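Encoded as structure tokens, the structure appears first; notes follow it.
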Amino acid sequence: MSEPSYPEDLRYHPEHDWARIEGDEATLGVTWYAQDSLGEVVFYEGPEVGSSVVKDEPYAEVESVKAVSDVVAPLSGEVIEVNPDLSDAPEAVNTDPYGTGWLIRIRLSDPAEADALMDSAAYSASLE
Amino acid sequence: MNPEVDTAARDRTGPDETPQQADRAVTIFEKSVPGRRACQLPGSGVEEVPLADLIPSHLLREEPAGLPEVSEPEIIRHYNRLSRRNFDLDTGFYPLGSCTMKYNPRLNERVAALPGHARLHPATAPGDAQGALELMYLLQEALSEICGLPHVSLQPSAGSQGELAGLLLARACHADQGRNPGKVLIPDTSHGTNPASVSMAGYEVVKVATDGQGGVDMEDLRAKVDEDVACLMLTNPNTLGVFDRNITEIASLVHEAGGLLYYDGANLNAIMGQCRPGDMGFDIVHVNLHKSFSQPHGGGGPGAGPIAVSDRVEPYIPRPQVVKSEGEAGRPAYDLDFDRPKSIGRLRGFQGNFGVFVRSYAYILSLGADGLAEASRTAVLHANYLKSRLAQGRAGQYLPVAFERHCMHEFVLSGAPMKRELGIRTLDLAKRLLDFGFHPPTVYFPLLVDEALMVEPVETEAKEHLDDFAEAIESILEEAEQDPGIASEAPYTTPVRRLDEVGATRRPVIRQPD
Amino acid sequence: MAGYTPTTPADRDRMLETIGVDSIDELFAQIPEEVRFDRELDLEDGLSEPEVHERLAAMAAANRSTEQAPSFLGAGMYDHYVPAIVDAITQRSEFLTPYTPYQPEVSQGGLQVMFEFQTAMSELTGLPVSNAGLYEGPSAAASAAYLAMAATGRTGLVASRGVHPHSRETLATHAGGFGAGLTEVGLVDGLTDPGELEAAIDEQTAVVFLQNPNFLGSVEDIAALGELASARGALLAVAVDPMTLGVLKPPGECGADIAFGEGQPLGNRLDFGGPSFGFFCAREENIRRMPGRIAGETTDLDGRRGFVLTLQTREQHIRREKATSNICTAQALNALAALVHLSWLGREGFVEMGALLARRTAFARERLSSIEGLEPLHEAPVVREFAMRSAGTPVASLLACPSGTGPSLPVYPLGRDYPEFADSFLVAITEQRSRDDIEWLAAMLEGASA
């Protein structure tokens, strides 16, 4: 994906992470901006299923050849699934950050936290 | 201009592939032919008993290690050919910022190779190693004088081990006073080894911001200095090449809070004989002998990172320490002192990188007090001259200096305008410089300068090399105004062209397959 | 003063003019007056090249090197013959004077050397992953501890007293920073005590350190001891003398997770203790926790084979406080020396070297044991070094020159490192210690213990 894109159906965290909220679950990933600043992703190691992530705190790292970036949780919860394909094909984070490049799914511990996240327009504006 | 530059390849007027590019990489393992060999070992001279009679057979190796089978002429040809695929300081200008790529005198290699030095076993009884211990003692004294601190340990293997030693010394020093502070302050311009060493020493890194002059942001520092600060690590001049004018105030702030001051000596080449870390208030200094004191870099080692310390820190320095005593018949005697009950202990085996000490001591003798001072003054002159040259013309337009003031021995440019206006990045400029026969400056460091380019021209380069370098930058920028694509795909003249680092990291192949 | 600076007064004046200042002093005005150094350094003025050479040669002459008399000193560093081609290759400007290969397009020589070195060390140790080199042996032990703590999330370090005392002391120094604790395990009959080892390992043990051959020269049963570590989920780190790996079972075949050690025996001169290099090999699962530089194979944009530094995000210049190590060098020139030496020895010569050492060592131990008052400290198998005990004469007087003014007998007294073996010393063998040299040593010891 070579052009910036920030889908309307997602919520955004200022540390360049997105959340797709579905009931009391959410899928998390990094934004187009984050993957573009990082460059080609060469390695990603996610958390274990069953572990907890805490809003505003790092839960994983993504690596390019010459940079490492913390991935910050936009919401808190328990990890219920990790993207199994990224260990072999981390480039999905670059090519499809909102689709096959998703990182983890969590069960939300406090769905109200989502109120603090930005919508697409606000996030795009924050990048100006 | 470097006569080895392949101008046809550079200007892309020659064939698609240079002869060296056509010569594909083949490893020594791939050159192996069963039955070939180089060495002839002496006979054992004793009974050829079966090995299994000496060592139980289940402890013996079954299959020989897969080392190559090659003749001696092939070995030397292989490595000679490989050597030509390296750029080196003896061939061309190497203005790598913060690395002090100064000339490595051949005299130093010769004296280090004297059998009395090179074939001296490290466990030789001190009485039989008086020359080596005297040399170490005299180097300790010389570094002590240069750093302005009374005690020196030569033991650390490199700057980063010196840093770790310094932090462990700080810990020991505080512990002895019943204190246990947990934080180490580091400016955001610091070398990466600083925070890595802090973590290995079990401290928490606290970053201090840089002000508009390139120095420590005093307000930020005041906000962060408290009784939990074990140490402040500072490089002065810093990695932006500027001397921190507030150093006295910084030192007293940290000292008043009970912390120690650590000086990263990476940039000592700017200040030899001009000012001394000890006089600035630092308690611990490491010195990179492979930078200011001319030890060759060897393609990434060896070096050495001696530390100089104040009286307060001395009880804790690593053991053993070289000491001098009254000998007999008016001749002093040198010994290794292991009896240092408060010492942090060892950082490594034996006494340190003695071969490096020989080279650096020879260098200090060659230059002397006058020469060391002159080296630093010339290094600073050269850096300011090259900075001024690069402030002219297109470089001034596309590559502005990050902090507009006189620099010390190095300076930092920002390629941000170049990226914005010409569409080429600092990396592209660096790669295109290779085609002009120059090693590029350090790129993308320090981190707080966008598209950084860090230039350290050193004192041993002649003015014409500095001029040539400035002209090469001008040519590349002029060329990029016409066709930025040339730099984006550079280099063209090198043994290989741009390499796929992404692929190398995603699927690492780090040894020759069986 | 040596003229390494080419800048003439005329050059200087033109440069000052371009800068727009009148003097170099103006450039130094940024240094606050109160910290400026207002005198000349209290060092001699510079000397000419012949004078420097003379001074350094005089110091060299005041040392008793292994060139002057046979030496049986070892303890981790050994007087092997360094082939002439090692000097010829390592003294080439192209290997001697570059920096770390940060620009791979003009560093293919150095990077390929790293790749070949990694292959050679991987072959020697039987482990798939090698880095391009560390500072030296004992600090490589500290790197192993750091890796093991990260891999296991535990903080206990257990080390046999057969591990080099410098390595154990270095571990203890570093453990103070890491927040780790070090437990030592004693020796019985020259070998690590398996019962004491088993008792020392618990659920908090991150790594167990063994050495083979151990400091007393004994060949340990690494596989058997290592099972005690893996049974409790601890990593097994084995220090090895690389020159013995032609004959001894490689650590990778004995269950080691990490093999490391002092590289000096391979192609590096003694240099009174350094510079040399450390090597560090591990299993695939720890590749991203490795310390130091690693070269990897790749292709350039035209598809040519090439080499780059890889997995760099582990390192300090990128990961900073979260790096796997603070190391910023690979001892590249020393590693090159090792690679050339290994190529020169080759597949067969490397095995022959190990066999030669084992046979001469066995002979020497037997010969010295025939001396009245001397006996082997232990009966365990040895391969290149062994410990002798002097029942009557104290070691200090045994090793001192009879006249009191000449050189000491060049063997390694154990008392400083092992108070329990204060009556013993180590004898090391290389291919440079002939049978005649061994007889010379025997005659000296016979004279001293008589």
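In the structure tokens, chains take letters A, B, ... by order of appearance, with residues numbered from 1 within each chain and ligands from 1 in the order shown.
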Residues near Pro495 of chain B, anyone? I mean within 12 Å using only C-alpha atoms, not counting same-chain ones fewer than 3 positions away, as a PDB file with N, CA, C and O atoms, in the first residue's frame.
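New file out-v1.pdb:
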```pdb
ATOM      1  N   ASP B   6      36.922   4.400 -10.706  1.00  0.00           N
ATOM      2  CA  ASP B   6      36.585   3.934 -12.050  1.00  0.00           C
ATOM      3  C   ASP B   6      35.621   4.967 -12.643  1.00  0.00           C
ATOM      4  O   ASP B   6      34.407   4.900 -12.446  1.00  0.00           O
ATOM      5  N   ALA B   9      32.772   3.795 -14.977  1.00  0.00           N
ATOM      6  CA  ALA B   9      31.629   3.198 -14.270  1.00  0.00           C
ATOM      7  C   ALA B   9      30.851   4.268 -13.526  1.00  0.00           C
ATOM      8  O   ALA B   9      29.617   4.254 -13.505  1.00  0.00           O
ATOM      9  N   GLU B  17      28.922  -3.895 -16.423  1.00  0.00           N
ATOM     10  CA  GLU B  17      29.493  -4.542 -15.243  1.00  0.00           C
ATOM     11  C   GLU B  17      31.008  -4.327 -15.260  1.00  0.00           C
ATOM     12  O   GLU B  17      31.654  -4.551 -16.290  1.00  0.00           O
ATOM     13  N   THR B  18      31.569  -3.889 -14.139  1.00  0.00           N
ATOM     14  CA  THR B  18      33.027  -3.734 -14.075  1.00  0.00           C
ATOM     15  C   THR B  18      33.653  -5.126 -13.929  1.00  0.00           C
ATOM     16  O   THR B  18      32.973  -6.072 -13.500  1.00  0.00           O
ATOM     17  N   PRO B  19      34.954  -5.246 -14.248  1.00  0.00           N
ATOM     18  CA  PRO B  19      35.595  -6.566 -14.087  1.00  0.00           C
ATOM     19  C   PRO B  19      35.470  -7.085 -12.657  1.00  0.00           C
ATOM     20  O   PRO B  19      35.241  -8.270 -12.436  1.00  0.00           O
ATOM     21  N   GLN B  20      35.567  -6.175 -11.686  1.00  0.00           N
ATOM     22  CA  GLN B  20      35.474  -6.644 -10.302  1.00  0.00           C
ATOM     23  C   GLN B  20      34.059  -7.114  -9.975  1.00  0.00           C
ATOM     24  O   GLN B  20      33.866  -8.088  -9.250  1.00  0.00           O
ATOM     25  N   GLN B  21      33.065  -6.437 -10.549  1.00  0.00           N
ATOM     26  CA  GLN B  21      31.683  -6.876 -10.333  1.00  0.00           C
ATOM     27  C   GLN B  21      31.439  -8.242 -10.986  1.00  0.00           C
ATOM     28  O   GLN B  21      30.675  -9.054 -10.484  1.00  0.00           O
ATOM     29  N   ALA B  22      32.117  -8.461 -12.119  1.00  0.00           N
ATOM     30  CA  ALA B  22      31.937  -9.737 -12.818  1.00  0.00           C
ATOM     31  C   ALA B  22      32.570 -10.889 -12.043  1.00  0.00           C
ATOM     32  O   ALA B  22      32.246 -12.051 -12.254  1.00  0.00           O
ATOM     33  N   ASP B  23      33.489 -10.564 -11.161  1.00  0.00           N
ATOM     34  CA  ASP B  23      34.178 -11.569 -10.353  1.00  0.00           C
ATOM     35  C   ASP B  23      33.318 -11.861  -9.135  1.00  0.00           C
ATOM     36  O   ASP B  23      33.379 -11.180  -8.122  1.00  0.00           O
ATOM     37  N   ARG B  24      32.465 -12.883  -9.229  1.00  0.00           N
ATOM     38  CA  ARG B  24      31.491 -13.157  -8.174  1.00  0.00           C
ATOM     39  C   ARG B  24      32.152 -13.697  -6.912  1.00  0.00           C
ATOM     40  O   ARG B  24      33.180 -14.362  -6.964  1.00  0.00           O
ATOM     41  N   ALA B  25      31.538 -13.412  -5.798  1.00  0.00           N
ATOM     42  CA  ALA B  25      32.066 -13.857  -4.503  1.00  0.00           C
ATOM     43  C   ALA B  25      32.023 -15.378  -4.397  1.00  0.00           C
ATOM     44  O   ALA B  25      30.992 -16.003  -4.654  1.00  0.00           O
ATOM     45  N   ARG B  81      42.569 -11.256  -2.753  1.00  0.00           N
ATOM     46  CA  ARG B  81      41.470 -10.805  -3.614  1.00  0.00           C
ATOM     47  C   ARG B  81      40.319 -10.252  -2.786  1.00  0.00           C
ATOM     48  O   ARG B  81      39.717  -9.254  -3.149  1.00  0.00           O
ATOM     49  N   LEU B  82      40.055 -10.907  -1.685  1.00  0.00           N
ATOM     50  CA  LEU B  82      38.991 -10.378  -0.813  1.00  0.00           C
ATOM     51  C   LEU B  82      39.353  -8.985  -0.307  1.00  0.00           C
ATOM     52  O   LEU B  82      38.505  -8.103  -0.216  1.00  0.00           O
ATOM     53  N   SER B  83      40.620  -8.797   0.022  1.00  0.00           N
ATOM     54  CA  SER B  83      41.023  -7.503   0.588  1.00  0.00           C
ATOM     55  C   SER B  83      40.705  -6.380  -0.383  1.00  0.00           C
ATOM     56  O   SER B  83      40.361  -5.277   0.024  1.00  0.00           O
ATOM     57  N   ARG B  84      40.805  -6.660  -1.680  1.00  0.00           N
ATOM     58  CA  ARG B  84      40.541  -5.598  -2.669  1.00  0.00           C
ATOM     59  C   ARG B  84      39.072  -5.233  -2.727  1.00  0.00           C
ATOM     60  O   ARG B  84      38.705  -4.286  -3.400  1.00  0.00           O
ATOM     61  N   ARG B  85      38.265  -5.985  -2.070  1.00  0.00           N
ATOM     62  CA  ARG B  85      36.833  -5.648  -2.024  1.00  0.00           C
ATOM     63  C   ARG B  85      36.513  -4.796  -0.796  1.00  0.00           C
ATOM     64  O   ARG B  85      35.358  -4.636  -0.438  1.00  0.00           O
ATOM     65  N   ASN B  86      37.554  -4.281  -0.166  1.00  0.00           N
ATOM     66  CA  ASN B  86      37.377  -3.374   0.972  1.00  0.00           C
ATOM     67  C   ASN B  86      37.872  -1.982   0.609  1.00  0.00           C
ATOM     68  O   ASN B  86      38.899  -1.844  -0.061  1.00  0.00           O
ATOM     69  N   PHE B  87      37.201  -0.973   1.099  1.00  0.00           N
ATOM     70  CA  PHE B  87      37.734   0.389   1.091  1.00  0.00           C
ATOM     71  C   PHE B  87      38.518   0.548   2.388  1.00  0.00           C
ATOM     72  O   PHE B  87      38.087   0.068   3.438  1.00  0.00           O
ATOM     73  N   LEU B 434      30.607   6.938  -2.636  1.00  0.00           N
ATOM     74  CA  LEU B 434      31.456   5.759  -2.863  1.00  0.00           C
ATOM     75  C   LEU B 434      31.970   5.754  -4.297  1.00  0.00           C
ATOM     76  O   LEU B 434      33.115   5.382  -4.558  1.00  0.00           O
ATOM     77  N   ASP B 435      31.122   6.175  -5.233  1.00  0.00           N
ATOM     78  CA  ASP B 435      31.529   6.201  -6.640  1.00  0.00           C
ATOM     79  C   ASP B 435      32.623   7.240  -6.896  1.00  0.00           C
ATOM     80  O   ASP B 435      33.324   7.168  -7.897  1.00  0.00           O
ATOM     81  N   PRO B 491      25.643   2.830  -5.407  1.00  0.00           N
ATOM     82  CA  PRO B 491      26.836   3.041  -6.236  1.00  0.00           C
ATOM     83  C   PRO B 491      26.861   2.166  -7.489  1.00  0.00           C
ATOM     84  O   PRO B 491      26.142   1.172  -7.565  1.00  0.00           O
ATOM     85  N   TYR B 492      27.729   2.575  -8.422  1.00  0.00           N
ATOM     86  CA  TYR B 492      27.888   1.836  -9.679  1.00  0.00           C
ATOM     87  C   TYR B 492      29.275   1.225  -9.825  1.00  0.00           C
ATOM     88  O   TYR B 492      29.482   0.347 -10.641  1.00  0.00           O
ATOM     89  N   ARG B 498      23.985  -1.875  -4.491  1.00  0.00           N
ATOM     90  CA  ARG B 498      23.201  -1.859  -3.262  1.00  0.00           C
ATOM     91  C   ARG B 498      22.689  -3.258  -2.913  1.00  0.00           C
ATOM     92  O   ARG B 498      22.214  -3.972  -3.787  1.00  0.00           O
ATOM     93  N   LEU B 499      22.778  -3.585  -1.653  1.00  0.00           N
ATOM     94  CA  LEU B 499      22.494  -4.954  -1.219  1.00  0.00           C
ATOM     95  C   LEU B 499      21.138  -5.044  -0.540  1.00  0.00           C
ATOM     96  O   LEU B 499      20.677  -4.092   0.092  1.00  0.00           O
TER      97      LEU B 499
ATOM     98  N   GLN C 103      29.329   0.413   5.408  1.00  0.00           N
ATOM     99  CA  GLN C 103      28.958   0.615   4.003  1.00  0.00           C
ATOM    100  C   GLN C 103      29.284  -0.691   3.280  1.00  0.00           C
ATOM    101  O   GLN C 103      30.404  -0.885   2.810  1.00  0.00           O
ATOM    102  N   PRO C 104      28.326  -1.590   3.199  1.00  0.00           N
ATOM    103  CA  PRO C 104      28.654  -2.937   2.729  1.00  0.00           C
ATOM    104  C   PRO C 104      29.210  -2.986   1.299  1.00  0.00           C
ATOM    105  O   PRO C 104      30.013  -3.855   0.987  1.00  0.00           O
ATOM    106  N   GLU C 105      28.805  -2.031   0.447  1.00  0.00           N
ATOM    107  CA  GLU C 105      29.262  -2.085  -0.941  1.00  0.00           C
ATOM    108  C   GLU C 105      30.782  -1.985  -1.050  1.00  0.00           C
ATOM    109  O   GLU C 105      31.365  -2.486  -2.006  1.00  0.00           O
ATOM    110  N   VAL C 106      31.409  -1.306  -0.081  1.00  0.00           N
ATOM    111  CA  VAL C 106      32.871  -1.180  -0.109  1.00  0.00           C
ATOM    112  C   VAL C 106      33.523  -1.941   1.039  1.00  0.00           C
ATOM    113  O   VAL C 106      34.634  -1.651   1.441  1.00  0.00           O
ATOM    114  N   SER C 107      32.807  -2.918   1.587  1.00  0.00           N
ATOM    115  CA  SER C 107      33.338  -3.700   2.704  1.00  0.00           C
ATOM    116  C   SER C 107      33.119  -5.188   2.477  1.00  0.00           C
ATOM    117  O   SER C 107      33.051  -5.963   3.423  1.00  0.00           O
ATOM    118  N   GLN C 108      32.997  -5.579   1.209  1.00  0.00           N
ATOM    119  CA  GLN C 108      32.697  -6.987   0.938  1.00  0.00           C
ATOM    120  C   GLN C 108      33.801  -7.910   1.426  1.00  0.00           C
ATOM    121  O   GLN C 108      33.539  -9.045   1.826  1.00  0.00           O
ATOM    122  N   GLY C 109      35.046  -7.424   1.383  1.00  0.00           N
ATOM    123  CA  GLY C 109      36.145  -8.261   1.867  1.00  0.00           C
ATOM    124  C   GLY C 109      35.958  -8.604   3.335  1.00  0.00           C
ATOM    125  O   GLY C 109      35.950  -9.774   3.727  1.00  0.00           O
ATOM    126  N   ASP C 300      22.861  -8.264  -4.449  1.00  0.00           N
ATOM    127  CA  ASP C 300      22.737  -6.844  -4.736  1.00  0.00           C
ATOM    128  C   ASP C 300      21.625  -6.641  -5.750  1.00  0.00           C
ATOM    129  O   ASP C 300      20.952  -7.603  -6.162  1.00  0.00           O
ATOM    130  N   ASP C 302      21.542  -6.132  -8.769  1.00  0.00           N
ATOM    131  CA  ASP C 302      21.680  -6.853 -10.037  1.00  0.00           C
ATOM    132  C   ASP C 302      21.711  -8.368  -9.827  1.00  0.00           C
ATOM    133  O   ASP C 302      21.959  -9.122 -10.775  1.00  0.00           O
ATOM    134  N   ARG C 304      23.879 -10.053  -7.823  1.00  0.00           N
ATOM    135  CA  ARG C 304      25.179 -10.614  -7.436  1.00  0.00           C
ATOM    136  C   ARG C 304      25.169 -11.017  -5.975  1.00  0.00           C
ATOM    137  O   ARG C 304      24.566 -10.339  -5.138  1.00  0.00           O
ATOM    138  N   ARG C 305      25.916 -12.058  -5.659  1.00  0.00           N
ATOM    139  CA  ARG C 305      26.048 -12.474  -4.266  1.00  0.00           C
ATOM    140  C   ARG C 305      26.819 -11.404  -3.487  1.00  0.00           C
ATOM    141  O   ARG C 305      27.815 -10.858  -3.971  1.00  0.00           O
ATOM    142  N   GLY C 306      26.376 -11.158  -2.289  1.00  0.00           N
ATOM    143  CA  GLY C 306      27.068 -10.191  -1.437  1.00  0.00           C
ATOM    144  C   GLY C 306      26.774 -10.470   0.020  1.00  0.00           C
ATOM    145  O   GLY C 306      25.989 -11.367   0.358  1.00  0.00           O
ATOM    146  N   PHE C 307      27.417  -9.694   0.884  1.00  0.00           N
ATOM    147  CA  PHE C 307      27.303  -9.906   2.325  1.00  0.00           C
ATOM    148  C   PHE C 307      27.004  -8.576   3.029  1.00  0.00           C
ATOM    149  O   PHE C 307      27.478  -7.528   2.595  1.00  0.00           O
TER     150      PHE C 307
END
```
Which residues come within 7 Å of segment 279-292 of chain B, counting only C-alpha atoms, excluding same-chain residues fewer than 5 positions away, as an mmCIF file with C-alpha atoms, in the first residue's frame?
```cif
data_model
loop_
_atom_site.group_PDB
_atom_site.id
_atom_site.type_symbol
_atom_site.label_atom_id
_atom_site.label_comp_id
_atom_site.auth_asym_id
_atom_site.auth_seq_id
_atom_site.Cartn_x
_atom_site.Cartn_y
_atom_site.Cartn_z
ATOM 1 C CA CYS B 99 35.221 7.343 14.592
ATOM 2 C CA THR B 100 38.409 9.433 14.313
ATOM 3 C CA MET B 101 39.819 7.703 11.264
ATOM 4 C CA GLY B 148 43.497 15.290 34.103
ATOM 5 C CA ALA B 158 36.998 -1.212 24.237
ATOM 6 C CA GLY B 159 35.059 1.967 24.852
ATOM 7 C CA GLY B 162 35.066 1.094 29.646
ATOM 8 C CA GLU B 163 31.537 2.477 29.922
ATOM 9 C CA GLY B 166 32.557 3.155 34.737
ATOM 10 C CA ILE B 247 29.888 22.014 31.591
ATOM 11 C CA THR B 248 30.916 23.528 34.928
ATOM 12 C CA ALA B 251 29.074 19.104 36.839
ATOM 13 C CA LEU B 260 29.063 11.017 39.445
ATOM 14 C CA LEU B 261 30.085 12.375 36.043
ATOM 15 C CA TYR B 262 31.135 9.974 33.322
ATOM 16 C CA TYR B 263 32.991 11.236 30.274
ATOM 17 C CA ASP B 264 32.663 9.264 27.059
ATOM 18 C CA GLY B 265 36.085 9.840 25.521
ATOM 19 C CA ALA B 266 35.001 9.085 21.969
ATOM 20 C CA LEU B 268 38.899 13.221 22.947
ATOM 21 C CA ASN B 269 40.691 13.936 19.680
ATOM 22 C CA HIS B 297 40.422 -0.149 13.400
ATOM 23 C CA GLY B 303 40.679 -1.480 20.219
ATOM 24 C CA ALA B 304 41.025 -0.695 23.885
ATOM 25 C CA GLY B 305 39.077 1.463 26.320
ATOM 26 C CA PRO B 306 41.205 2.414 29.339
ATOM 27 C CA ILE B 307 39.510 4.427 32.058
ATOM 28 C CA ALA B 308 40.880 7.345 34.061
ATOM 29 C CA VAL B 309 39.296 8.093 37.441
ATOM 30 C CA SER B 310 39.379 10.480 40.374
ATOM 31 C CA SER B 360 49.246 3.856 21.423
ATOM 32 C CA VAL C 35 38.104 24.723 32.084
#
```
Practice task
List the neighbours of Leu107 of chain B out to 8 Å using only C-alpha atoms; skip same-chain residues closer than 6 positions along the sequence, and give me the result as a PyMOL selection string.
Solution key: (chain B and resi 362) or (chain C and resi 49+53)
Problem - Contacts of Val411 of chain C at 8 Å (only C-alpha atoms; same-chain gap of 6+ positions) as a list in words - result: Ser71, Phe72, Leu73, Gly74, Leu399, Phe425, Leu426, Val427 and Ala428 of chain C
Selection from above, N, CA and C atoms, as a short mmCIF file (atom, residue, chain, number, x, y, z; two decimals), in the first residue's frame, can you write it?
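Printed below is part-v9.cif as written:
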```cif
data_model
loop_
_atom_site.label_atom_id
_atom_site.label_comp_id
_atom_site.auth_asym_id
_atom_site.auth_seq_id
_atom_site.Cartn_x
_atom_site.Cartn_y
_atom_site.Cartn_z
N SER C 71 58.38 -21.97 26.81
CA SER C 71 57.45 -21.62 27.87
C SER C 71 56.34 -22.65 27.92
N PHE C 72 55.99 -23.06 29.12
CA PHE C 72 54.89 -24.00 29.31
C PHE C 72 53.70 -23.32 29.97
N LEU C 73 53.67 -21.99 29.83
CA LEU C 73 52.53 -21.23 30.34
C LEU C 73 51.34 -21.40 29.39
N GLY C 74 50.16 -21.52 30.00
CA GLY C 74 48.95 -21.64 29.20
C GLY C 74 47.84 -20.88 29.88
N LEU C 399 59.56 -22.90 41.39
CA LEU C 399 59.54 -22.12 40.15
C LEU C 399 60.56 -21.00 40.14
N PHE C 425 50.79 -26.76 40.00
CA PHE C 425 51.00 -25.84 38.89
C PHE C 425 50.54 -26.50 37.60
N LEU C 426 50.28 -25.65 36.59
CA LEU C 426 49.83 -26.13 35.28
C LEU C 426 50.99 -26.14 34.29
N VAL C 427 50.95 -27.11 33.40
CA VAL C 427 51.94 -27.21 32.33
C VAL C 427 51.16 -27.30 31.02
N ALA C 428 51.45 -26.38 30.09
CA ALA C 428 50.72 -26.36 28.81
C ALA C 428 51.65 -26.76 27.67
#
```
Practice task
Kindly indicate which residue among B:Val443, B:Leu336, B:Val502, B:Ala196 lies nearest to Glu91 of chain A, using only C-alpha atoms for the distances.
Solution key: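 Smallest separation from Glu91 of chain A among the options: B:Val502.
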Handout entry: Spatial neighbours of Ala259 of chain C, 12 Å, only C-alpha atoms, chain gap at least 6 places, as a VMD selection string
Key = chain C and resid 121 to 131 137 140 to 141 143 to 145 208 to 212 222 235 to 242 245 250 to 253 278 to 283 290
Practice task
Using only C-alpha atoms, determine which residues lie at most 8 Å from Pro302 of chain B, disregarding the query and same-chain residues fewer than 4 positions distant; provide the list as a PyMOL selection string.
Solution key: (chain B and resi 158+290+296-298+356) or (chain C and resi 135+275-276+329-334)
Exercise for the section: Find the residues around Asp36 of chain A up to 12 Å (only C-alpha atoms counted), leave out those fewer than 2 positions away in its own chain, and share them as a PyMOL selection string. Expected result: chain A and resi 1-5+16+30-34+38-41+64+69+91+93-97
With 8 Å as the limit and counting only C-alpha atoms, what residues in chain A lie close to chain C? Please list them as a PDB file with C-alpha atoms, in the first residue's frame.
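Final output, selection08.pdb:
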```pdb
ATOM      1  CA  GLU A  63      11.570  -4.390  13.399  1.00  0.00           C
ATOM      2  CA  SER A  64      12.822  -3.058  10.128  1.00  0.00           C
ATOM      3  CA  VAL A  65      16.434  -3.502   9.068  1.00  0.00           C
ATOM      4  CA  LYS A  66      17.665  -0.547  11.063  1.00  0.00           C
ATOM      5  CA  ALA A  67      14.888   0.363  13.448  1.00  0.00           C
ATOM      6  CA  VAL A  68      12.823  -1.160  16.197  1.00  0.00           C
TER       7      VAL A  68
END
```
Exercise for the section: Could the residues of chain B within 10 Å of chain A, counting only C-alpha atoms, be given as a VMD selection string, please? Expected result: chain B and resid 501 to 507
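Going from atom CA of Glu113 of chain A to atom CA of Pro14 of chain A covers 13.8 Å.
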Exercise for the section: Give the strand (DSSP E or B) residues of chain A, as assigned by DSSP on the backbone, as number ranges by chain. Expected result: A: 11-13, 17-22, 25-30, 43-45, 52-53, 58-63, 68-72, 77-82, 104-108, 118
Practice task
Pick out the closest residue to Ala400 of chain C from this set: C:Glu420, C:Leu225, C:Met444, C:Leu414. Count only C-alpha atoms.
Solution key: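 That would be C:Met444, the residue with the smallest distance to Ala400 of chain C.
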Problem - Coordinates-based distance that separates atom CA of Leu372 of chain B from atom CA of Asp271 of chain C (Å, one decimal) - result: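 Going from atom CA of Asp271 of chain C over to atom CA of Leu372 of chain B covers 26.1 Å.
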Problem - Nearest residue to chain B from the set C:Pro213, C:Pro70, C:Pro138, C:Gly447 (distances using only C-alpha atoms) - result: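 The answer is C:Pro138, which sits nearest to chain B.
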Practice task
Just list the residues in segment 131-365 of chain C DSSP gives alpha helix (DSSP H) on the backbone, as a ChimeraX atom specification.
Solution key: /C:137-152,165-178,194-200,222-231,316-319,332-365
Exercise for the section: Using only C-alpha atoms, find the one residue out of B:Asn353, B:Ser153, B:Thr91, B:Asn80 that sits nearest to Val313 of chain B. Expected result: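 Smallest distance to Val313 of chain B is found for B:Ser153.
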